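The next block is final-v1.txt, given as compact mmCIF, C-alpha atoms and all ligand atoms.
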```
# COMPACT_ATOMS: atom_id res chain seq x y z
CA MET A 1 11.63 35.79 -31.16
CA PRO A 2 14.65 33.64 -32.06
CA MET A 3 13.54 30.29 -33.47
CA LYS A 4 15.21 28.38 -30.61
CA ASP A 5 12.80 30.04 -28.12
CA VAL A 6 9.62 29.28 -30.11
CA ALA A 7 7.21 26.81 -28.46
CA ASN A 8 7.21 23.18 -29.59
CA SER A 9 4.14 23.29 -31.80
CA PRO A 10 3.62 23.30 -35.56
CA GLN A 11 1.48 26.44 -35.38
CA ALA A 12 4.06 28.35 -33.30
CA VAL A 13 6.87 27.43 -35.69
CA TRP A 14 4.73 28.40 -38.68
CA GLU A 15 3.91 31.76 -37.07
CA ALA A 16 7.61 32.36 -36.38
CA LEU A 17 8.50 31.65 -40.01
CA LYS A 18 5.76 34.00 -41.22
CA GLU A 19 7.03 36.73 -38.90
CA GLY A 20 10.61 36.21 -40.10
CA ASN A 21 9.49 36.45 -43.71
CA GLN A 22 7.58 39.63 -42.93
CA ARG A 23 10.77 41.17 -41.47
CA PHE A 24 12.60 40.16 -44.66
CA VAL A 25 9.90 41.75 -46.84
CA LEU A 26 10.03 44.99 -44.85
CA HIS A 27 13.82 44.93 -44.67
CA GLN A 28 13.65 44.83 -40.87
CA GLN A 29 15.72 41.69 -40.36
CA GLU A 30 16.93 40.79 -36.88
CA ARG A 31 19.41 38.18 -38.17
CA PRO A 32 18.97 36.01 -35.05
CA ASN A 33 21.14 33.06 -34.05
CA GLN A 34 24.10 34.08 -36.16
CA ASP A 35 26.57 35.03 -33.44
CA VAL A 36 29.61 33.22 -32.05
CA LEU A 37 27.65 32.07 -28.98
CA ARG A 38 25.05 30.31 -31.10
CA ARG A 39 27.71 28.79 -33.31
CA THR A 40 29.56 27.45 -30.28
CA GLU A 41 26.51 26.07 -28.49
CA LEU A 42 25.51 24.16 -31.63
CA ARG A 43 28.65 22.04 -31.31
CA ARG A 44 26.68 19.96 -28.82
CA GLY A 45 24.00 19.13 -31.40
CA GLN A 46 21.20 20.51 -33.50
CA ASN A 47 17.50 21.04 -32.85
CA PRO A 48 16.10 22.57 -36.07
CA ARG A 49 12.41 23.45 -35.90
CA ALA A 50 11.40 22.84 -39.49
CA VAL A 51 12.61 20.94 -42.53
CA VAL A 52 12.41 22.97 -45.73
CA LEU A 53 12.51 21.57 -49.25
CA SER A 54 13.05 24.42 -51.68
CA CYS A 55 14.25 25.00 -55.22
CA SER A 56 18.03 25.34 -55.57
CA ASP A 57 17.55 28.64 -57.42
CA SER A 58 20.16 31.14 -56.19
CA ARG A 59 17.43 33.73 -55.70
CA VAL A 60 15.68 31.60 -53.05
CA PRO A 61 18.04 31.53 -50.04
CA VAL A 62 15.90 29.88 -47.38
CA GLU A 63 17.50 31.20 -44.17
CA LEU A 64 17.53 34.78 -45.50
CA ILE A 65 13.89 34.64 -46.62
CA PHE A 66 12.73 33.56 -43.13
CA ASP A 67 15.28 35.68 -41.23
CA VAL A 68 16.61 32.76 -39.19
CA GLY A 69 20.11 31.64 -38.29
CA LEU A 70 22.39 28.75 -37.47
CA GLY A 71 20.70 25.51 -36.43
CA ASP A 72 17.16 26.80 -37.07
CA LEU A 73 16.16 24.99 -40.27
CA PHE A 74 17.03 21.64 -41.83
CA VAL A 75 17.20 22.52 -45.52
CA VAL A 76 17.06 20.29 -48.60
CA ARG A 77 17.30 21.93 -52.01
CA THR A 78 16.91 20.50 -55.50
CA ALA A 79 16.17 22.20 -58.82
CA GLY A 80 12.40 22.52 -59.04
CA GLU A 81 12.14 21.16 -55.44
CA ILE A 82 11.80 17.70 -56.99
CA LEU A 83 11.75 14.53 -54.92
CA ASP A 84 13.87 11.42 -55.07
CA PRO A 85 14.71 8.76 -52.47
CA ALA A 86 17.61 10.81 -51.05
CA VAL A 87 15.39 13.87 -50.60
CA LEU A 88 12.62 11.83 -48.99
CA ALA A 89 15.15 10.15 -46.69
CA SER A 90 16.49 13.55 -45.65
CA ILE A 91 12.99 14.83 -44.87
CA GLU A 92 12.12 11.67 -42.96
CA TYR A 93 15.34 11.96 -40.95
CA ALA A 94 14.41 15.50 -39.95
CA ILE A 95 10.95 14.34 -38.88
CA LYS A 96 11.85 11.14 -37.05
CA SER A 97 15.34 11.78 -35.68
CA LEU A 98 15.41 15.55 -35.27
CA GLY A 99 11.74 15.93 -34.36
CA VAL A 100 10.97 18.99 -36.48
CA ASP A 101 7.53 20.53 -35.93
CA LEU A 102 6.93 21.57 -39.52
CA VAL A 103 7.66 20.51 -43.09
CA VAL A 104 7.85 23.33 -45.64
CA VAL A 105 7.86 22.91 -49.42
CA MET A 106 8.81 26.11 -51.19
CA GLY A 107 8.56 26.79 -54.89
CA HIS A 108 8.91 30.23 -56.37
CA GLU A 109 7.99 32.78 -59.00
CA SER A 110 9.88 32.46 -62.32
CA CYS A 111 11.11 28.93 -61.63
CA GLY A 112 13.40 27.86 -64.48
CA ALA A 113 12.71 24.15 -63.93
CA VAL A 114 8.97 24.68 -64.29
CA ALA A 115 9.35 26.96 -67.31
CA ALA A 116 11.75 24.55 -69.04
CA THR A 117 9.35 21.66 -68.48
CA ALA A 118 6.40 23.62 -69.89
CA GLU A 119 8.54 24.50 -72.89
CA ALA A 120 9.56 20.86 -73.39
CA LEU A 121 5.92 19.74 -73.26
CA ASP A 122 4.79 22.47 -75.66
CA GLY A 123 7.64 21.87 -78.10
CA GLY A 124 7.37 18.11 -77.89
CA LYS A 125 11.10 17.97 -77.31
CA ILE A 126 12.03 16.16 -74.12
CA PRO A 127 15.74 16.70 -73.41
CA ASN A 128 18.14 13.80 -73.23
CA GLY A 129 20.73 13.50 -70.51
CA LEU A 130 20.19 14.26 -66.85
CA GLU A 131 18.08 17.34 -67.56
CA ARG A 132 15.40 14.87 -68.58
CA ILE A 133 14.98 13.90 -64.92
CA LEU A 134 13.81 17.44 -64.12
CA VAL A 135 11.24 17.36 -66.90
CA GLU A 136 10.01 13.92 -65.88
CA LYS A 137 9.53 15.06 -62.29
CA VAL A 138 7.82 18.38 -63.03
CA ALA A 139 5.67 17.37 -66.04
CA PRO A 140 2.89 15.65 -64.01
CA SER A 141 2.33 18.90 -62.06
CA ILE A 142 1.96 20.90 -65.27
CA LEU A 143 -0.43 18.35 -66.76
CA GLU A 144 -2.49 18.46 -63.56
CA ALA A 145 -2.58 22.27 -63.63
CA ARG A 146 -3.74 22.22 -67.24
CA ALA A 147 -6.42 19.66 -66.40
CA ARG A 148 -7.63 22.18 -63.81
CA GLY A 149 -7.75 24.98 -66.38
CA ARG A 150 -4.53 26.75 -65.39
CA ASN A 151 -2.28 27.48 -68.34
CA ASP A 152 0.23 29.96 -66.98
CA LEU A 153 3.55 29.70 -65.15
CA PRO A 154 2.21 30.89 -61.77
CA GLY A 155 -0.50 28.23 -62.01
CA TYR A 156 2.07 25.56 -62.86
CA GLU A 157 4.34 26.65 -60.00
CA ARG A 158 1.50 26.53 -57.49
CA GLN A 159 0.27 23.13 -58.70
CA HIS A 160 3.82 21.78 -58.55
CA VAL A 161 4.08 22.76 -54.88
CA ILE A 162 0.73 21.06 -54.23
CA GLU A 163 1.85 17.87 -55.99
CA ILE A 164 5.13 17.75 -54.04
CA VAL A 165 3.27 18.22 -50.74
CA ILE A 166 0.84 15.43 -51.67
CA GLN A 167 3.70 13.09 -52.60
CA ILE A 168 5.61 13.77 -49.38
CA LYS A 169 2.51 13.09 -47.29
CA HIS A 170 1.71 9.96 -49.27
CA ARG A 171 5.20 8.51 -49.00
CA LEU A 172 6.14 9.36 -45.42
CA SER A 173 3.94 7.50 -42.96
CA ALA A 174 5.92 9.08 -40.10
CA LEU A 175 4.60 12.47 -41.24
CA GLN A 176 1.02 11.23 -41.60
CA GLU A 177 1.07 9.92 -38.01
CA ARG A 178 2.50 13.15 -36.64
CA ILE A 179 0.02 15.33 -38.52
CA ALA A 180 -2.80 13.16 -37.17
CA ASP A 181 -1.72 13.63 -33.55
CA GLY A 182 -0.69 17.28 -33.90
CA ARG A 183 3.06 16.87 -33.53
CA CYS A 184 3.87 18.00 -37.07
CA ALA A 185 2.33 19.83 -40.02
CA ILE A 186 3.15 20.63 -43.64
CA VAL A 187 2.84 23.83 -45.66
CA GLY A 188 3.45 24.50 -49.34
CA LEU A 189 4.59 27.99 -50.27
CA ARG A 190 5.40 29.98 -53.39
CA TYR A 191 8.10 32.60 -52.91
CA LEU A 192 7.74 35.84 -54.85
CA LEU A 193 11.02 37.21 -56.16
CA SER A 194 9.34 40.54 -56.75
CA ASP A 195 8.58 41.48 -53.14
CA GLY A 196 10.22 38.76 -51.00
CA SER A 197 6.94 37.42 -49.63
CA THR A 198 5.78 33.80 -49.48
CA GLN A 199 2.28 32.85 -50.62
CA LEU A 200 0.56 29.99 -48.80
CA VAL A 201 -0.48 27.43 -51.45
CA ILE A 202 -1.52 24.44 -49.33
CA SER A 203 -1.36 23.38 -45.68
CA ASP A 204 -2.24 20.47 -43.43
CA GLY A 205 -2.06 20.72 -39.64
CA VAL A 206 -1.67 24.52 -39.39
CA ASN A 207 -3.61 27.51 -40.61
ZN ZN B 1 13.18 27.09 -59.31
```

Is it possible to give me this structure as structure tokens?
Ligand SMILES: [Zn+2]
Amino acid sequence: MPMKDVANSPQAVWEALKEGNQRFVLHQQERPNQDVLRRTELRRGQNPRAVVLSCSDSRVPVELIFDVGLGDLFVVRTAGEILDPAVLASIEYAIKSLGVDLVVVMGHESCGAVAATAEALDGGKIPNGLERILVEKVAPSILEARARGRNDLPGYERQHVIEIVIQIKHRLSALQERIADGRCAIVGLRYLLSDGSTQLVISDGVN
């Protein structure tokens, strides 16, 4: 079902994204909402159903992974899916002004930002320059994973998604209110480069 026809509920939107990802995994994409009609009708405005924060990694193209089209997702991407005020403002805008039903945080297998941060912590060499921002933002997730007995990259990547989800919930009261009354939900995923699937890492408001 094209995303624009999916019912207005967090669970329905989540199910639609899972189905789209399954089509991507099986190479049975429908490539919905990518025609001239859809492009033209969107001139009147947008009604995306989810906001997605994902890593900027070129191997993680959000719309392709969920087999959706124009106007379906409000996407924010940063290296290592890290947060800053601009990212939080973009997510809040999608929640409050666009009324999205779902917030998705998506990390992935073999994330360079996570690996580089683990390397910096292990080597005791924190980079100077702007790359330092990445390390500063990802390091707490790695330390938390280690405190929980996980000492491998998949464990770090999963914990990082969890930490980002927790921070988004903590900082956006508009999201907390909407999760409480069932209007919105949040999921944290880890995308697998190897088979195209998305692993559910954490969720609140959907199952
Ligand atoms: Zn990455």

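Minimum atom-to-atom distance to ligand ZN 1 (chain B), evaluated using all atoms listed in the file, belongs to A:His108 out of A:His108, A:Arg132, A:Lys4, A:Lys96.
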
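Using all atoms listed in the file, the nearest neighbour of ligand ZN 1 (chain B) within the list A:Pro10, A:Pro32, A:Gly196, A:Gly80 is A:Gly80.
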
> Out of A:Gly107, A:Pro48, A:Gly205, A:Gly69, which residue has the shortest atom-to-atom distance to Gly20 of chain A when counting only C-alpha atoms?
Replying inline: A:Gly69

>> Around ligand ZN 1 (chain B), which protein and nucleic acid residues have at least one atom no more than 9 Å from it, if we count only C-alpha atoms and all ligand atoms? List them as a PyMOL selection string.
In response: chain A and resi 54-60+78-81+107-115+157

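Here the question is which of A:Leu64, A:Val36, A:Ala50, A:Ala118 gets nearest to Asn21 of chain A using only C-alpha atoms, and that residue is A:Leu64.
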
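The two atoms in question, atom CA of Pro127 of chain A and atom CA of Ala139 of chain A, are spaced 12.5 Å apart.
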
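Considering only C-alpha atoms, the residue among A:Asn47, A:Arg178, A:Ala7, A:Val161 positioned nearest to Leu200 of chain A is A:Val161.
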
>> Set the distance at 8 Å and use all atoms listed in the file: which residues neighbour Val76 of chain A once local chain neighbours fewer than 5 positions away are removed? I'd like the list as a count of residues only.
In response: 7

>> (7.2, 19.2, -52.0) in this file's frame - what residues fall within 8 Å of it? Use only C-alpha atoms and give the answer as a PyMOL selection string.
In response: chain A and resi 53-54+81-83+104-106+160-168+188

Final N, CA, C and O atoms of segment 80-102 of chain A as a JSON list (two decimals), in the frame of the given file:
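Full text of rebuild30.json as output:
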```json
[["chain", "number", "residue", "atom", "x", "y", "z"],
["A", 80, "GLY", "N", 13.84, 22.80, -58.92],
["A", 80, "GLY", "CA", 12.40, 22.52, -59.04],
["A", 80, "GLY", "C", 11.83, 21.79, -57.83],
["A", 80, "GLY", "O", 10.77, 21.19, -57.92],
["A", 81, "GLU", "N", 12.56, 21.84, -56.69],
["A", 81, "GLU", "CA", 12.14, 21.16, -55.44],
["A", 81, "GLU", "C", 11.59, 19.76, -55.72],
["A", 81, "GLU", "O", 10.61, 19.31, -55.12],
["A", 82, "ILE", "N", 12.27, 19.04, -56.64],
["A", 82, "ILE", "CA", 11.80, 17.70, -56.99],
["A", 82, "ILE", "C", 12.23, 16.68, -55.93],
["A", 82, "ILE", "O", 13.19, 16.89, -55.20],
["A", 83, "LEU", "N", 11.49, 15.58, -55.89],
["A", 83, "LEU", "CA", 11.75, 14.53, -54.92],
["A", 83, "LEU", "C", 12.51, 13.37, -55.53],
["A", 83, "LEU", "O", 12.35, 13.07, -56.71],
["A", 84, "ASP", "N", 13.32, 12.73, -54.74],
["A", 84, "ASP", "CA", 13.87, 11.42, -55.07],
["A", 84, "ASP", "C", 14.10, 10.71, -53.73],
["A", 84, "ASP", "O", 13.83, 11.29, -52.68],
["A", 85, "PRO", "N", 14.56, 9.48, -53.75],
["A", 85, "PRO", "CA", 14.71, 8.76, -52.47],
["A", 85, "PRO", "C", 15.63, 9.48, -51.48],
["A", 85, "PRO", "O", 15.37, 9.46, -50.27],
["A", 86, "ALA", "N", 16.70, 10.12, -51.97],
["A", 86, "ALA", "CA", 17.61, 10.81, -51.05],
["A", 86, "ALA", "C", 16.93, 12.00, -50.38],
["A", 86, "ALA", "O", 17.12, 12.27, -49.19],
["A", 87, "VAL", "N", 16.11, 12.72, -51.16],
["A", 87, "VAL", "CA", 15.39, 13.87, -50.60],
["A", 87, "VAL", "C", 14.37, 13.40, -49.57],
["A", 87, "VAL", "O", 14.28, 13.96, -48.47],
["A", 88, "LEU", "N", 13.62, 12.36, -49.92],
["A", 88, "LEU", "CA", 12.62, 11.83, -48.99],
["A", 88, "LEU", "C", 13.27, 11.31, -47.71],
["A", 88, "LEU", "O", 12.77, 11.52, -46.61],
["A", 89, "ALA", "N", 14.43, 10.65, -47.86],
["A", 89, "ALA", "CA", 15.15, 10.15, -46.69],
["A", 89, "ALA", "C", 15.61, 11.30, -45.80],
["A", 89, "ALA", "O", 15.56, 11.21, -44.57],
["A", 90, "SER", "N", 16.04, 12.40, -46.42],
["A", 90, "SER", "CA", 16.49, 13.55, -45.65],
["A", 90, "SER", "C", 15.32, 14.17, -44.87],
["A", 90, "SER", "O", 15.46, 14.56, -43.70],
["A", 91, "ILE", "N", 14.17, 14.27, -45.53],
["A", 91, "ILE", "CA", 12.99, 14.83, -44.87],
["A", 91, "ILE", "C", 12.54, 13.91, -43.73],
["A", 91, "ILE", "O", 12.24, 14.37, -42.62],
["A", 92, "GLU", "N", 12.54, 12.61, -44.00],
["A", 92, "GLU", "CA", 12.12, 11.67, -42.96],
["A", 92, "GLU", "C", 13.07, 11.71, -41.75],
["A", 92, "GLU", "O", 12.64, 11.64, -40.60],
["A", 93, "TYR", "N", 14.36, 11.85, -42.03],
["A", 93, "TYR", "CA", 15.34, 11.96, -40.95],
["A", 93, "TYR", "C", 15.03, 13.17, -40.07],
["A", 93, "TYR", "O", 15.07, 13.09, -38.83],
["A", 94, "ALA", "N", 14.72, 14.28, -40.72],
["A", 94, "ALA", "CA", 14.41, 15.50, -39.95],
["A", 94, "ALA", "C", 13.16, 15.30, -39.09],
["A", 94, "ALA", "O", 13.09, 15.81, -37.97],
["A", 95, "ILE", "N", 12.20, 14.57, -39.62],
["A", 95, "ILE", "CA", 10.95, 14.34, -38.88],
["A", 95, "ILE", "C", 11.17, 13.35, -37.73],
["A", 95, "ILE", "O", 10.82, 13.63, -36.58],
["A", 96, "LYS", "N", 11.76, 12.21, -38.04],
["A", 96, "LYS", "CA", 11.85, 11.14, -37.05],
["A", 96, "LYS", "C", 13.01, 11.31, -36.06],
["A", 96, "LYS", "O", 12.87, 11.08, -34.88],
["A", 97, "SER", "N", 14.17, 11.71, -36.56],
["A", 97, "SER", "CA", 15.34, 11.78, -35.68],
["A", 97, "SER", "C", 15.55, 13.15, -35.06],
["A", 97, "SER", "O", 16.04, 13.26, -33.95],
["A", 98, "LEU", "N", 15.21, 14.20, -35.80],
["A", 98, "LEU", "CA", 15.41, 15.55, -35.27],
["A", 98, "LEU", "C", 14.13, 16.13, -34.67],
["A", 98, "LEU", "O", 14.17, 17.13, -33.98],
["A", 99, "GLY", "N", 13.00, 15.51, -34.97],
["A", 99, "GLY", "CA", 11.74, 15.93, -34.36],
["A", 99, "GLY", "C", 11.26, 17.31, -34.77],
["A", 99, "GLY", "O", 10.71, 18.05, -33.95],
["A", 100, "VAL", "N", 11.44, 17.66, -36.04],
["A", 100, "VAL", "CA", 10.97, 18.99, -36.48],
["A", 100, "VAL", "C", 9.45, 19.08, -36.34],
["A", 100, "VAL", "O", 8.74, 18.07, -36.42],
["A", 101, "ASP", "N", 8.96, 20.30, -36.12],
["A", 101, "ASP", "CA", 7.53, 20.53, -35.93],
["A", 101, "ASP", "C", 6.80, 20.81, -37.23],
["A", 101, "ASP", "O", 5.57, 20.83, -37.27],
["A", 102, "LEU", "N", 7.58, 21.11, -38.28],
["A", 102, "LEU", "CA", 6.93, 21.57, -39.52],
["A", 102, "LEU", "C", 7.74, 21.15, -40.73],
["A", 102, "LEU", "O", 8.99, 21.17, -40.70]]
```
